[in-house]
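Step one of this worksheet: look at the structure below.
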Amino acid sequence: MDEALFARFRKCAVDVLSVDDSKVVYDAKFADDLDADSLDLVEFVMALEEEFGVSVPEEELEGIGTIGQAYELVVAKL
Amino acid sequence: MTGRVVLITGGSKGIGLACARRFAELGDRVAVTYNSSPPPDGLFGVKCDVTDSAQVDAAFSAVEAHFGPVEILVANAGVTKDVLLLRMSEADFATVVDTNLTSAFRVAKRAAQGMLRQRKGRLIFISSVVGLLGSAGQANYAASKAGLVGLARSLARELGSRSITANVVAPGPVATDMTAALSDDRMKELTAAVPLGRVAQPEEIAGVVVFLASADAAYITGAVVPVDGGLGMGH
């Protein structure tokens, strides 16, 4: 994993989801570990799109439940 | 600077302008979008065709740069193209729905971005009594105005957890350019059907809009507030 990339990703999560950065780890689950609801996720994805200059279509978000899954989805587009 | 940031679409005349003046009197920072005629001096006007998403985005960006993020949105811009069904072209229908309903979606979507970040906001949609009452010759207009109710109530559910409310104001006949275009006979007929026996002044609609944006209305969301002199009672 690219530490610098993940650091940018983590900062988005910290800003948008208002969580402590120690909680934003690869295996963290949005709902259980980060207390994020569907609206939080929409905001998070929009922040990621802006930060990384990528576009994530709605259908690709299906089944994305952890920080790691979201990270891989974005990284694959860079 | 103090005061809330308010954006009113179609704010250079009629109900929109009356709302703009009421908010300005309260010390709010008021921006209005307009399509043809600019607003009077003292209001921050942004030219914007609300049927164009790029122009809507640009208008919000201009307001955000001037005042900051929009906290109160009044989706008021609207048109009529009255014609009986069999003479109504698909373009007549589509244009009115695009301007009155799809544009409300466009501006609400853009406004919600900033409201979500602020964890507060008021979305106020100007509908019409005919949305639920129906009106011969206004199938397009009535459909668009009824659509605002479903739009607002869905947003009330989607955004409620972030202290964003979405409400609808449903005016009856109001003394504006829109009703000035009606024939005297039609106006008499319309007025006769109103229990209060007269049309509303735009300020009477604005008073309710300002209330829905106030702290006193913090627990009201998904409501359709009739301001119609009793015309729509029972609907």
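If you're wondering about the labels, chains in the structure tokens are A, B, ... by order shown, residues count from 1 in each chain, ligands from 1 in order shown.
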Any chance you could tabulate, as a tab-separated table, the residues of chain A at most 12 Å from chain B with each one's nearest atom pair and distance in Å to one decimal, using only C-alpha atoms, in chain and rising number order?
```
residue	atom	partner	partner_atom	distance
A:Asp15	CA	B:Arg117	CA	10.2
A:Val16	CA	B:Arg117	CA	8.3
A:Leu17	CA	B:Arg117	CA	10.6
A:Ser18	CA	B:Arg117	CA	11.1
A:Asp37	CA	B:Ser161	CA	10.0
A:Ser38	CA	B:Glu158	CA	9.6
A:Leu39	CA	B:Glu158	CA	7.9
A:Asp40	CA	B:Leu116	CA	9.2
A:Val42	CA	B:Gln113	CA	10.4
A:Glu43	CA	B:Leu116	CA	8.2
A:Phe44	CA	B:Arg117	CA	11.1
A:Met46	CA	B:Gln113	CA	9.6
A:Ala47	CA	B:Gln113	CA	10.8
```
Fill in: DSSP-assigned helix (DSSP H, G or I) among region 9-73 of chain A, expressed as a VMD selection string
chain A and resid 9 to 17 21 to 23 38 to 52 58 to 61 67 to 73
Item to complete: Would you list the contacts of Glu50 (chain A) as a ChimeraX atom specification, taking every protein, DNA or RNA residue within 12 Å and counting only C-alpha atoms, but skipping same-chain residues closer than 5 positions in sequence?
Response: /A:8-9,12,43-45,55-56,74
Surrounding residues of Pro38 (chain B) excluding itself and chain neighbours under 3 positions, 7 Å, only C-alpha atoms, as a short mmCIF file (atom, residue, chain, number, x, y, z; two decimals) with N, CA and C atoms, in the first residue's frame:
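Output saved as selection-v2.cif:
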```
data_model
loop_
_atom_site.label_atom_id
_atom_site.label_comp_id
_atom_site.auth_asym_id
_atom_site.auth_seq_id
_atom_site.Cartn_x
_atom_site.Cartn_y
_atom_site.Cartn_z
N SER B 12 -36.46 38.34 -8.82
CA SER B 12 -36.46 39.76 -9.21
C SER B 12 -37.86 40.36 -9.27
N TYR B 34 -32.10 35.57 -11.47
CA TYR B 34 -33.12 36.08 -12.37
C TYR B 34 -32.76 35.66 -13.78
N GLY B 45 -27.95 40.18 -7.25
CA GLY B 45 -28.59 39.44 -8.33
C GLY B 45 -27.58 38.63 -9.14
#
```
Worksheet item: Within 12 Å of region 70-73 of chain A, counting only C-alpha atoms, which residues qualify if same-chain residues fewer than 2 places away don't, as an MDAnalysis selection string?
Response: chainID A and resid 1:3 5:10 12:13 24:30 41:42 44:45 48:49 52 54:57 59:68 75:78
Discussion item. Excluding region 174-183 of chain B and its own-chain neighbours fewer than 2 positions away, which residues fall within 6 Å of it when counting only C-alpha atoms? Please give them as number ranges by chain.
Written reply: B: 14, 185-186, 199-201
Would you write out those residues with C-alpha atoms, as a CSV table (one decimal), in the first residue's frame?
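Written out: result.csv:
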```
chain,number,residue,atom,x,y,z
B,14,GLY,CA,-43.5,38.7,-7.6
B,185,ASP,CA,-63.3,37.1,-16.4
B,186,ARG,CA,-60.8,34.4,-15.4
B,199,VAL,CA,-56.1,37.3,-4.3
B,200,ALA,CA,-53.1,37.4,-2.1
B,201,GLN,CA,-50.4,40.0,-2.1
```
Worksheet entry | strand (DSSP E or B) positions in region 16-207 of chain B, given as a PyMOL selection string | chain B and resi 29-34+44-47+72-75+121-126+164-171+174+200
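Across the model, the gap from CA of Tyr219 (chain B) to CA of Leu133 (chain B) is 26.8 Å.
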Worksheet entry | For Leu151 (chain B), the nearest of the candidates B:Gly114, B:Gly131, B:Pro40, B:Gly222, counting only C-alpha atoms | B:Gly222
Worksheet item: Distance CA of Pro226 (chain B)-CA of Lys81 (chain B), one decimal place?
Response: 22.8 Å
Can you tell me which residues surround Leu26 (chain B) at a distance of at most 12 Å, considering only C-alpha atoms, apart from same-chain residues fewer than 6 positions away, and format the answer as a short mmCIF file (atom, residue, chain, number, x, y, z; two decimals) with C-alpha atoms, in the first residue's frame?
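Writing done, so here's around-v4.cif:
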```cif
data_model
loop_
_atom_site.label_atom_id
_atom_site.label_comp_id
_atom_site.auth_asym_id
_atom_site.auth_seq_id
_atom_site.Cartn_x
_atom_site.Cartn_y
_atom_site.Cartn_z
CA THR B 2 -24.00 38.69 10.10
CA GLY B 3 -27.23 37.21 8.83
CA ARG B 4 -27.98 33.96 7.12
CA VAL B 5 -27.18 33.41 3.47
CA VAL B 6 -30.39 33.11 1.49
CA CYS B 19 -39.37 36.99 -0.07
CA ALA B 20 -36.04 38.65 -0.83
CA GLY B 207 -44.33 35.90 5.47
CA VAL B 210 -39.69 33.57 6.20
CA PHE B 211 -41.41 31.67 9.01
CA ALA B 213 -36.79 29.56 7.48
CA SER B 214 -36.97 30.78 11.09
#
```
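Rounded to one decimal, CA of Ala62 (chain B) and CA of Arg157 (chain B) lie 28.9 Å from each other.
The smallest atom-to-atom distance between Ser61 (chain B) and any of B:Leu85, B:Ala193, B:Ala111, B:Ala18, using only C-alpha atoms, is found for B:Ala111.
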Worksheet item: Counting only C-alpha atoms, which of B:Leu155, B:Met187, B:Val194, B:Val79 gets nearest to Ala142 (chain B)?
Response: B:Val79
